[in-house]
file input_28.pdb (PDB, C-alpha atoms, pLDDT in the B column)
MODEL        1
ATOM      1  CA  MET A   1      93.028 110.664  89.948  1.00 87.00           C
ATOM      2  CA  THR A   2      94.011 114.340  89.755  1.00 91.00           C
ATOM      3  CA  GLU A   3      95.763 116.126  92.590  1.00 91.00           C
ATOM      4  CA  GLN A   4      92.642 118.246  93.173  1.00 91.00           C
ATOM      5  CA  ALA A   5      90.451 115.122  93.343  1.00 94.00           C
ATOM      6  CA  ILE A   6      92.864 113.529  95.798  1.00 93.00           C
ATOM      7  CA  LEU A   7      92.888 116.673  97.917  1.00 92.00           C
ATOM      8  CA  ALA A   8      89.088 116.939  97.926  1.00 93.00           C
ATOM      9  CA  GLY A   9      88.741 113.253  98.747  1.00 95.00           C
ATOM     10  CA  CYS A  10      91.222 113.447 101.598  1.00 94.00           C
ATOM     11  CA  ILE A  11      89.440 116.463 103.069  1.00 93.00           C
ATOM     12  CA  ASN A  12      86.293 114.290 103.094  1.00 94.00           C
ATOM     13  CA  ASN A  13      88.201 111.372 104.694  1.00 93.00           C
ATOM     14  CA  ASP A  14      87.773 109.225 101.590  1.00 95.00           C
ATOM     15  CA  ALA A  15      89.951 106.104 102.048  1.00 95.00           C
ATOM     16  CA  ILE A  16      90.561 105.707  98.284  1.00 96.00           C
ATOM     17  CA  ALA A  17      91.852 109.273  97.981  1.00 96.00           C
ATOM     18  CA  GLN A  18      93.995 108.838 101.088  1.00 96.00           C
ATOM     19  CA  ARG A  19      95.500 105.644  99.696  1.00 96.00           C
ATOM     20  CA  GLU A  20      96.169 107.382  96.361  1.00 97.00           C
ATOM     21  CA  LEU A  21      97.879 110.309  98.104  1.00 96.00           C
ATOM     22  CA  TYR A  22     100.002 107.944 100.175  1.00 97.00           C
ATOM     23  CA  ASN A  23     100.946 105.791  97.178  1.00 96.00           C
ATOM     24  CA  ARG A  24     101.815 108.839  95.093  1.00 96.00           C
ATOM     25  CA  TYR A  25     103.973 110.676  97.618  1.00 96.00           C
ATOM     26  CA  SER A  26     105.262 108.118 100.131  1.00 95.00           C
ATOM     27  CA  PRO A  27     108.275 106.902  98.093  1.00 94.00           C
ATOM     28  CA  LYS A  28     109.705 110.444  97.798  1.00 93.00           C
ATOM     29  CA  MET A  29     108.850 111.276 101.382  1.00 95.00           C
ATOM     30  CA  LEU A  30     110.446 108.046 102.622  1.00 94.00           C
ATOM     31  CA  SER A  31     113.690 109.146 100.982  1.00 91.00           C
ATOM     32  CA  VAL A  32     113.409 112.465 102.857  1.00 92.00           C
ATOM     33  CA  CYS A  33     112.878 110.573 106.132  1.00 93.00           C
ATOM     34  CA  TYR A  34     115.711 108.207 105.326  1.00 90.00           C
ATOM     35  CA  ARG A  35     118.157 111.131 105.134  1.00 88.00           C
ATOM     36  CA  PHE A  36     117.248 112.193 108.673  1.00 90.00           C
ATOM     37  CA  ALA A  37     116.891 108.736 110.218  1.00 89.00           C
ATOM     38  CA  GLN A  38     119.489 106.536 111.820  1.00 83.00           C
ATOM     39  CA  ASN A  39     117.955 103.399 110.271  1.00 88.00           C
ATOM     40  CA  ARG A  40     115.134 102.226 108.014  1.00 90.00           C
ATOM     41  CA  GLU A  41     112.785 101.524 110.920  1.00 93.00           C
ATOM     42  CA  ASP A  42     113.114 105.107 112.184  1.00 92.00           C
ATOM     43  CA  ALA A  43     112.559 106.405 108.633  1.00 93.00           C
ATOM     44  CA  GLU A  44     109.381 104.329 108.321  1.00 95.00           C
ATOM     45  CA  ASP A  45     108.159 105.569 111.718  1.00 95.00           C
ATOM     46  CA  MET A  46     108.840 109.160 110.650  1.00 96.00           C
ATOM     47  CA  LEU A  47     106.953 108.567 107.409  1.00 97.00           C
ATOM     48  CA  GLN A  48     103.924 107.130 109.202  1.00 97.00           C
ATOM     49  CA  GLU A  49     103.837 109.968 111.742  1.00 97.00           C
ATOM     50  CA  GLY A  50     104.246 112.462 108.909  1.00 97.00           C
ATOM     51  CA  PHE A  51     101.358 111.097 106.883  1.00 97.00           C
ATOM     52  CA  ILE A  52      99.126 111.053 109.951  1.00 96.00           C
ATOM     53  CA  ARG A  53      99.878 114.775 110.264  1.00 97.00           C
ATOM     54  CA  VAL A  54      99.280 115.276 106.525  1.00 97.00           C
ATOM     55  CA  PHE A  55      95.851 113.641 106.766  1.00 96.00           C
ATOM     56  CA  THR A  56      94.852 115.515 109.930  1.00 95.00           C
ATOM     57  CA  GLN A  57      96.059 118.880 108.580  1.00 95.00           C
ATOM     58  CA  ILE A  58      94.980 118.484 104.958  1.00 95.00           C
ATOM     59  CA  GLY A  59      92.184 121.011 105.397  1.00 92.00           C
ATOM     60  CA  SER A  60      94.790 123.699 106.078  1.00 93.00           C
ATOM     61  CA  PHE A  61      96.360 123.411 102.595  1.00 92.00           C
ATOM     62  CA  ARG A  62      95.464 126.643 100.783  1.00 88.00           C
ATOM     63  CA  ASN A  63      96.619 125.934  97.191  1.00 84.00           C
ATOM     64  CA  SER A  64      99.074 128.810  97.532  1.00 85.00           C
ATOM     65  CA  GLY A  65     102.043 126.637  96.593  1.00 86.00           C
ATOM     66  CA  SER A  66     103.029 123.147  95.635  1.00 91.00           C
ATOM     67  CA  PHE A  67     100.993 120.401  97.294  1.00 93.00           C
ATOM     68  CA  GLU A  68     104.063 118.156  97.283  1.00 94.00           C
ATOM     69  CA  GLY A  69     106.075 120.964  98.890  1.00 93.00           C
ATOM     70  CA  TRP A  70     103.414 121.321 101.590  1.00 95.00           C
ATOM     71  CA  ILE A  71     103.592 117.574 102.298  1.00 96.00           C
ATOM     72  CA  ARG A  72     107.393 117.719 102.310  1.00 95.00           C
ATOM     73  CA  ARG A  73     107.435 120.523 104.907  1.00 94.00           C
ATOM     74  CA  ILE A  74     105.189 118.454 107.176  1.00 96.00           C
ATOM     75  CA  ILE A  75     107.421 115.413 106.716  1.00 96.00           C
ATOM     76  CA  VAL A  76     110.604 117.410 107.459  1.00 95.00           C
ATOM     77  CA  HIS A  77     109.066 118.896 110.613  1.00 95.00           C
ATOM     78  CA  THR A  78     107.896 115.431 111.640  1.00 96.00           C
ATOM     79  CA  CYS A  79     111.448 114.109 111.224  1.00 94.00           C
ATOM     80  CA  ILE A  80     112.818 116.895 113.413  1.00 93.00           C
ATOM     81  CA  ASN A  81     110.138 116.316 116.047  1.00 92.00           C
ATOM     82  CA  PHE A  82     110.902 112.590 115.979  1.00 93.00           C
ATOM     83  CA  LEU A  83     114.602 113.262 116.560  1.00 89.00           C
ATOM     84  CA  LYS A  84     113.820 115.648 119.416  1.00 86.00           C
ATOM     85  CA  LYS A  85     111.251 113.304 120.970  1.00 86.00           C
ATOM     86  CA  HIS A  86     113.644 110.389 120.911  1.00 79.00           C
ATOM     87  CA  LYS A  87     116.541 112.595 122.072  1.00 67.00           C
ATOM     88  CA  LYS A  88     118.501 111.592 118.980  1.00 57.00           C
ATOM     89  CA  PHE A  89     119.414 115.184 118.157  1.00 54.00           C
ATOM     90  CA  ASN A  90     121.398 115.635 121.370  1.00 48.00           C
ATOM     91  CA  GLU A  91     123.953 112.911 120.627  1.00 45.00           C
ATOM     92  CA  SER A  92     127.555 114.020 121.055  1.00 38.00           C
ATOM     93  CA  ILE A  93     129.325 115.607 118.114  1.00 39.00           C
ATOM     94  CA  ASP A  94     133.019 115.391 117.267  1.00 36.00           C
ATOM     95  CA  LEU A  95     134.387 118.929 117.302  1.00 32.00           C
ATOM     96  CA  ALA A  96     137.529 118.009 115.346  1.00 33.00           C
ATOM     97  CA  TYR A  97     135.854 118.868 112.046  1.00 34.00           C
ATOM     98  CA  VAL A  98     135.904 122.644 111.868  1.00 30.00           C
ATOM     99  CA  THR A  99     136.929 123.706 108.338  1.00 31.00           C
ATOM    100  CA  ASP A 100     134.701 124.404 105.346  1.00 32.00           C
ATOM    101  CA  ILE A 101     134.131 122.787 101.960  1.00 35.00           C
ATOM    102  CA  GLN A 102     132.171 124.002  99.014  1.00 38.00           C
ATOM    103  CA  VAL A 103     128.798 122.351  98.469  1.00 39.00           C
ATOM    104  CA  LYS A 104     126.666 123.455  95.557  1.00 39.00           C
ATOM    105  CA  GLU A 105     123.084 122.363  95.027  1.00 39.00           C
ATOM    106  CA  ASP A 106     123.005 122.680  91.234  1.00 39.00           C
ATOM    107  CA  PHE A 107     124.076 119.420  89.633  1.00 39.00           C
ATOM    108  CA  LEU A 108     124.615 115.784  90.479  1.00 41.00           C
ATOM    109  CA  PRO A 109     126.223 113.584  87.817  1.00 48.00           C
ATOM    110  CA  SER A 110     124.318 110.379  88.449  1.00 53.00           C
ATOM    111  CA  LEU A 111     121.704 108.658  90.521  1.00 55.00           C
ATOM    112  CA  MET A 112     124.380 106.225  91.705  1.00 61.00           C
ATOM    113  CA  LEU A 113     126.452 109.095  93.054  1.00 70.00           C
ATOM    114  CA  ALA A 114     123.316 110.469  94.738  1.00 71.00           C
ATOM    115  CA  ARG A 115     122.814 107.165  96.543  1.00 74.00           C
ATOM    116  CA  GLN A 116     126.451 107.093  97.622  1.00 79.00           C
ATOM    117  CA  VAL A 117     126.247 110.650  98.934  1.00 79.00           C
ATOM    118  CA  ILE A 118     123.021 109.878 100.830  1.00 79.00           C
ATOM    119  CA  GLU A 119     124.665 106.873 102.466  1.00 83.00           C
ATOM    120  CA  CYS A 120     127.626 109.046 103.457  1.00 85.00           C
ATOM    121  CA  ILE A 121     125.328 111.747 104.853  1.00 86.00           C
ATOM    122  CA  ARG A 122     123.652 109.056 106.967  1.00 84.00           C
ATOM    123  CA  LEU A 123     127.062 108.313 108.542  1.00 88.00           C
ATOM    124  CA  LEU A 124     127.235 111.823 110.012  1.00 90.00           C
ATOM    125  CA  PRO A 125     126.317 112.390 113.666  1.00 90.00           C
ATOM    126  CA  VAL A 126     122.613 113.166 113.915  1.00 89.00           C
ATOM    127  CA  GLY A 127     123.096 116.878 114.670  1.00 89.00           C
ATOM    128  CA  TYR A 128     125.374 117.415 111.701  1.00 91.00           C
ATOM    129  CA  ARG A 129     123.156 115.304 109.439  1.00 91.00           C
ATOM    130  CA  THR A 130     120.026 117.189 110.456  1.00 92.00           C
ATOM    131  CA  VAL A 131     121.490 120.657 109.911  1.00 93.00           C
ATOM    132  CA  LEU A 132     123.106 119.669 106.601  1.00 91.00           C
ATOM    133  CA  ASN A 133     119.841 118.162 105.334  1.00 89.00           C
ATOM    134  CA  LEU A 134     117.845 121.224 106.338  1.00 92.00           C
ATOM    135  CA  TYR A 135     120.319 123.737 104.925  1.00 92.00           C
ATOM    136  CA  ALA A 136     121.921 122.190 101.837  1.00 87.00           C
ATOM    137  CA  ILE A 137     119.092 119.956 100.656  1.00 85.00           C
ATOM    138  CA  GLU A 138     115.822 121.364 102.021  1.00 88.00           C
ATOM    139  CA  GLY A 139     116.906 125.006 101.567  1.00 90.00           C
ATOM    140  CA  TYR A 140     116.134 126.379 105.030  1.00 92.00           C
ATOM    141  CA  SER A 141     118.154 129.343 106.309  1.00 94.00           C
ATOM    142  CA  HIS A 142     120.295 129.042 109.423  1.00 94.00           C
ATOM    143  CA  LYS A 143     117.820 131.305 111.217  1.00 95.00           C
ATOM    144  CA  GLU A 144     114.930 128.957 110.344  1.00 94.00           C
ATOM    145  CA  ILE A 145     116.981 125.905 111.335  1.00 93.00           C
ATOM    146  CA  ALA A 146     117.865 127.495 114.668  1.00 92.00           C
ATOM    147  CA  GLN A 147     114.178 128.099 115.379  1.00 92.00           C
ATOM    148  CA  MET A 148     113.176 124.562 114.352  1.00 91.00           C
ATOM    149  CA  LEU A 149     115.860 122.874 116.426  1.00 90.00           C
ATOM    150  CA  ASP A 150     115.849 125.280 119.387  1.00 88.00           C
ATOM    151  CA  ILE A 151     119.534 126.102 118.904  1.00 90.00           C
ATOM    152  CA  GLU A 152     121.495 129.269 118.255  1.00 92.00           C
ATOM    153  CA  GLU A 153     121.889 130.431 114.654  1.00 94.00           C
ATOM    154  CA  SER A 154     125.674 130.272 115.116  1.00 93.00           C
ATOM    155  CA  THR A 155     125.331 126.633 116.218  1.00 92.00           C
ATOM    156  CA  SER A 156     123.459 125.859 113.006  1.00 92.00           C
ATOM    157  CA  ARG A 157     126.198 127.515 110.952  1.00 93.00           C
ATOM    158  CA  SER A 158     129.035 125.747 112.746  1.00 93.00           C
ATOM    159  CA  GLN A 159     127.310 122.345 112.603  1.00 92.00           C
ATOM    160  CA  CYS A 160     126.697 122.804 108.889  1.00 92.00           C
ATOM    161  CA  THR A 161     130.350 123.698 108.329  1.00 91.00           C
ATOM    162  CA  ARG A 162     131.493 120.730 110.385  1.00 91.00           C
ATOM    163  CA  ALA A 163     129.022 118.449 108.613  1.00 90.00           C
ATOM    164  CA  LYS A 164     130.392 119.493 105.227  1.00 88.00           C
ATOM    165  CA  THR A 165     133.945 118.842 106.381  1.00 88.00           C
ATOM    166  CA  MET A 166     133.113 115.473 107.874  1.00 90.00           C
ATOM    167  CA  LEU A 167     131.120 114.550 104.759  1.00 88.00           C
ATOM    168  CA  GLU A 168     134.075 115.503 102.573  1.00 86.00           C
ATOM    169  CA  THR A 169     136.371 113.291 104.668  1.00 87.00           C
ATOM    170  CA  ILE A 170     133.964 110.363 104.353  1.00 88.00           C
ATOM    171  CA  LEU A 171     133.607 110.901 100.597  1.00 85.00           C
ATOM    172  CA  VAL A 172     137.402 110.896 100.171  1.00 85.00           C
ATOM    173  CA  LYS A 173     137.805 107.756 102.313  1.00 88.00           C
ATOM    174  CA  LYS A 174     135.136 105.978 100.270  1.00 84.00           C
ATOM    175  CA  LYS A 175     136.818 107.211  97.060  1.00 82.00           C
ATOM    176  CA  ILE A 176     133.675 109.028  95.901  1.00 78.00           C
ATOM    177  CA  ILE A 177     135.714 112.199  95.461  1.00 76.00           C
ATOM    178  CA  ASP A 178     139.454 112.255  94.823  1.00 74.00           C
ATOM    179  CA  LYS A 179     140.768 114.784  97.296  1.00 69.00           C
ATOM    180  CA  PRO A 180     139.713 117.336  99.905  1.00 64.00           C
ATOM    181  CA  GLY A 181     138.526 120.496  98.215  1.00 62.00           C
ATOM    182  CA  ASP A 182     136.770 118.724  95.337  1.00 57.00           C
ATOM    183  CA  VAL A 183     133.298 120.142  94.927  1.00 50.00           C
ATOM    184  CA  ILE A 184     130.476 117.700  95.621  1.00 52.00           C
ATOM    185  CA  THR A 185     127.118 118.869  94.424  1.00 50.00           C
ATOM    186  CA  LEU A 186     123.697 118.061  95.841  1.00 47.00           C
ATOM    187  CA  THR A 187     120.466 118.393  93.879  1.00 36.00           C
ATOM    188  CA  THR A 188     116.862 117.416  93.622  1.00 35.00           C
ATOM    189  CA  ALA A 189     118.083 113.867  93.031  1.00 35.00           C
ATOM    190  CA  LEU A 190     118.585 113.806  96.787  1.00 44.00           C
ATOM    191  CA  HIS A 191     114.972 114.812  97.328  1.00 38.00           C
TER     192      HIS A 191
ENDMDL
END
call {"tool": "encode", "arguments": {"input": "input_28.pdb", "output": "structure tokens"}}
result
Amino acid sequence: MTEQAILAGCINNDAIAQRELYNRYSPKMLSVCYRFAQNREDAEDMLQEGFIRVFTQIGSFRNSGSFEGWIRRIIVHTCINFLKKHKKFNESIDLAYVTDIQVKEDFLPSLMLARQVIECIRLLPVGYRTVLNLYAIEGYSHKEIAQMLDIEESTSRSQCTRAKTMLETILVKKKIIDKPGDVITLTTALH
């Protein structure tokens, strides 16, 4: 089934097209949810809520960009709303991590490393994890993140910096990188 056929079917509430859309995109979108979630159950809840929004808003897709990108934006916003709704974003954050590391989004050596990095990202406090995911992986600006999370732009910047530092510390402790200052790179493998 082509993407256009799936889209047309979903607009007409066709169950076969909806199932095809879900089967095609849910594995990637679950990995997006998993990066934001505290556990698998939360990730699955985020995914379900996200796809409900996808199906109810499908008529608003205007073919002006990637259909997968449109779905992804809905899923990301659903994850953020889930965290806000369940007050998971307001958990306390350790302010001891204040320095910066270099994170580039160009290259990731292996899928195994990607999985290790994702697991380490999931160890970050929810605020750090959310900002890092939105900035370094999803590509949102600090201004956009501030608007999404109802925080100051400077808070987004400082949480991202702290998240990178804490992530670096975790990666060193788990022997994924050798020493502080090594560059860890994030890519579409994390999508």
call {"tool": "residues_around", "arguments": {"input": "input_28.pdb", "residues": "Met166 (chain A)", "least_positions_apart": "2", "cutoff": "9 Å", "atoms": "all atoms listed in the file", "output": "PDB file with C-alpha atoms, in the coordinates of the input"}}
result
ATOM      1  CA  TYR A  97     135.854 118.868 112.046  1.00 34.00           C
ATOM      2  CA  VAL A  98     135.904 122.644 111.868  1.00 30.00           C
ATOM      3  CA  LEU A 124     127.235 111.823 110.012  1.00 90.00           C
ATOM      4  CA  TYR A 128     125.374 117.415 111.701  1.00 91.00           C
ATOM      5  CA  THR A 161     130.350 123.698 108.329  1.00 91.00           C
ATOM      6  CA  ARG A 162     131.493 120.730 110.385  1.00 91.00           C
ATOM      7  CA  ALA A 163     129.022 118.449 108.613  1.00 90.00           C
ATOM      8  CA  LYS A 164     130.392 119.493 105.227  1.00 88.00           C
ATOM      9  CA  GLU A 168     134.075 115.503 102.573  1.00 86.00           C
ATOM     10  CA  THR A 169     136.371 113.291 104.668  1.00 87.00           C
ATOM     11  CA  ILE A 170     133.964 110.363 104.353  1.00 88.00           C
ATOM     12  CA  LEU A 171     133.607 110.901 100.597  1.00 85.00           C
TER      13      LEU A 171
END
call {"tool": "residues_around", "arguments": {"input": "input_28.pdb", "residues": "region 25-34 of chain A", "least_positions_apart": "2", "cutoff": "6 Å", "atoms": "only C-alpha atoms", "output": "ChimeraX atom specification"}}
result
/A:22-23,36-37,43,47
call {"tool": "residues_around", "arguments": {"input": "input_28.pdb", "residues": "region 61-70 of chain A", "least_positions_apart": "4", "cutoff": "10 Å", "atoms": "all atoms listed in the file", "output": "PyMOL selection string"}}
result
chain A and resi 3-4+7+11+24-25+28-29+54+57+74-75
call {"tool": "write_last_selection", "arguments": {"input": "input_28.pdb", "atoms": "C-alpha atoms", "output": "CSV table (one decimal), keeping the file's coordinate frame"}}
result
chain,number,residue,atom,x,y,z
A,3,GLU,CA,95.8,116.1,92.6
A,4,GLN,CA,92.6,118.2,93.2
A,7,LEU,CA,92.9,116.7,97.9
A,11,ILE,CA,89.4,116.5,103.1
A,24,ARG,CA,101.8,108.8,95.1
A,25,TYR,CA,104.0,110.7,97.6
A,28,LYS,CA,109.7,110.4,97.8
A,29,MET,CA,108.8,111.3,101.4
A,54,VAL,CA,99.3,115.3,106.5
A,57,GLN,CA,96.1,118.9,108.6
A,74,ILE,CA,105.2,118.5,107.2
A,75,ILE,CA,107.4,115.4,106.7
call {"tool": "atom_distance", "arguments": {"input": "input_28.pdb", "atom1": "CA of Cys160 (chain A)", "atom2": "CA of Pro125 (chain A)"}}
result
11.5 Å
call {"tool": "resolve_selection", "arguments": {"input": "input_28.pdb", "expression": "the PyMOL selection byres ((chain A and resi 141-152) around 9)", "output": "NGL selection string"}}
result
:A and (77 or 80-81 or 84 or 89 or 131 or 134-135 or 139-140 or 153-157 or 160)
call {"tool": "atom_distance", "arguments": {"input": "input_28.pdb", "atom1": "CA of Ile176 (chain A)", "atom2": "CA of Cys120 (chain A)"}}
result
9.7 Å
call {"tool": "closest_residue", "arguments": {"input": "input_28.pdb", "among": "A:Cys10, A:Ile58, A:Glu20, A:Lys85", "to": "Met46 (chain A)", "atoms": "only C-alpha atoms"}}
result
A:Lys85
call {"tool": "axis_aligned_box", "arguments": {"input": "input_28.pdb", "around": "region 74-87 of chain A", "padding_each_side": "5 Å", "output": "JSON"}}
result
{"center_x": 110.9, "center_y": 114.6, "center_z": 114.4, "size_x": 21.4, "size_y": 18.5, "size_z": 25.4}
call {"tool": "closest_residue", "arguments": {"input": "input_28.pdb", "among": "A:Gln38, A:Asn12, A:His86, A:Ile52", "to": "Val126 (chain A)", "atoms": "all atoms listed in the file"}}
result
A:Gln38
call {"tool": "atom_distance", "arguments": {"input": "input_28.pdb", "atom1": "CA of Ile137 (chain A)", "atom2": "CA of Thr56 (chain A)"}}
result
26.3 Å
call {"tool": "closest_residue", "arguments": {"input": "input_28.pdb", "among": "A:Val117, A:Leu21, A:Leu83, A:Met1", "to": "Lys175 (chain A)", "atoms": "all atoms listed in the file"}}
result
A:Val117
call {"tool": "closest_residue", "arguments": {"input": "input_28.pdb", "among": "A:Asp178, A:Arg72, A:Gly127, A:Arg35", "to": "Ser158 (chain A)", "atoms": "all atoms listed in the file"}}
result
A:Gly127
call {"tool": "closest_residue", "arguments": {"input": "input_28.pdb", "among": "A:Ile177, A:Val76, A:Ile16, A:Ala114", "to": "Arg53 (chain A)", "atoms": "all atoms listed in the file"}}
result
A:Val76
call {"tool": "closest_residue", "arguments": {"input": "input_28.pdb", "among": "A:Gln159, A:Lys174, A:Leu123, A:Thr130", "to": "Asn39 (chain A)", "atoms": "only C-alpha atoms"}}
result
A:Leu123
call {"tool": "decode", "arguments": {"input": "input_28.pdb", "residues": "region 117-154 of chain A", "atoms": "C-alpha atoms", "output": "CSV table (one decimal), in the first residue's frame"}}
result
chain,number,residue,atom,x,y,z
A,117,VAL,CA,23.8,5.8,24.2
A,118,ILE,CA,20.0,5.6,24.2
A,119,GLU,CA,20.1,3.6,27.4
A,120,CYS,CA,22.5,6.2,29.0
A,121,ILE,CA,20.2,9.0,27.9
A,122,ARG,CA,17.3,7.3,29.6
A,123,LEU,CA,19.3,7.4,32.9
A,124,LEU,CA,19.3,11.2,32.8
A,125,PRO,CA,16.7,13.1,35.0
A,126,VAL,CA,13.6,13.6,33.0
A,127,GLY,CA,14.1,17.4,32.4
A,128,TYR,CA,17.6,16.9,31.1
A,129,ARG,CA,16.6,13.9,29.0
A,130,THR,CA,13.7,15.8,27.5
A,131,VAL,CA,15.7,18.9,26.5
A,132,LEU,CA,18.6,16.8,25.2
A,133,ASN,CA,16.2,14.7,23.1
A,134,LEU,CA,14.5,17.8,21.7
A,135,TYR,CA,17.6,19.7,21.0
A,136,ALA,CA,20.3,17.2,20.0
A,137,ILE,CA,18.2,14.5,18.4
A,138,GLU,CA,14.9,16.1,17.2
A,139,GLY,CA,16.6,19.4,16.1
A,140,TYR,CA,14.4,21.9,17.9
A,141,SER,CA,15.9,25.3,18.9
A,142,HIS,CA,16.1,26.3,22.5
A,143,LYS,CA,13.4,28.9,21.8
A,144,GLU,CA,11.1,26.2,20.5
A,145,ILE,CA,11.9,24.0,23.4
A,146,ALA,CA,11.2,26.8,25.9
A,147,GLN,CA,7.8,27.3,24.3
A,148,MET,CA,6.9,23.6,24.3
A,149,LEU,CA,7.9,23.1,27.9
A,150,ASP,CA,6.8,26.4,29.3
A,151,ILE,CA,10.3,27.2,30.5
A,152,GLU,CA,12.7,30.0,29.9
A,153,GLU,CA,15.1,29.8,26.9
A,154,SER,CA,18.0,30.1,29.2
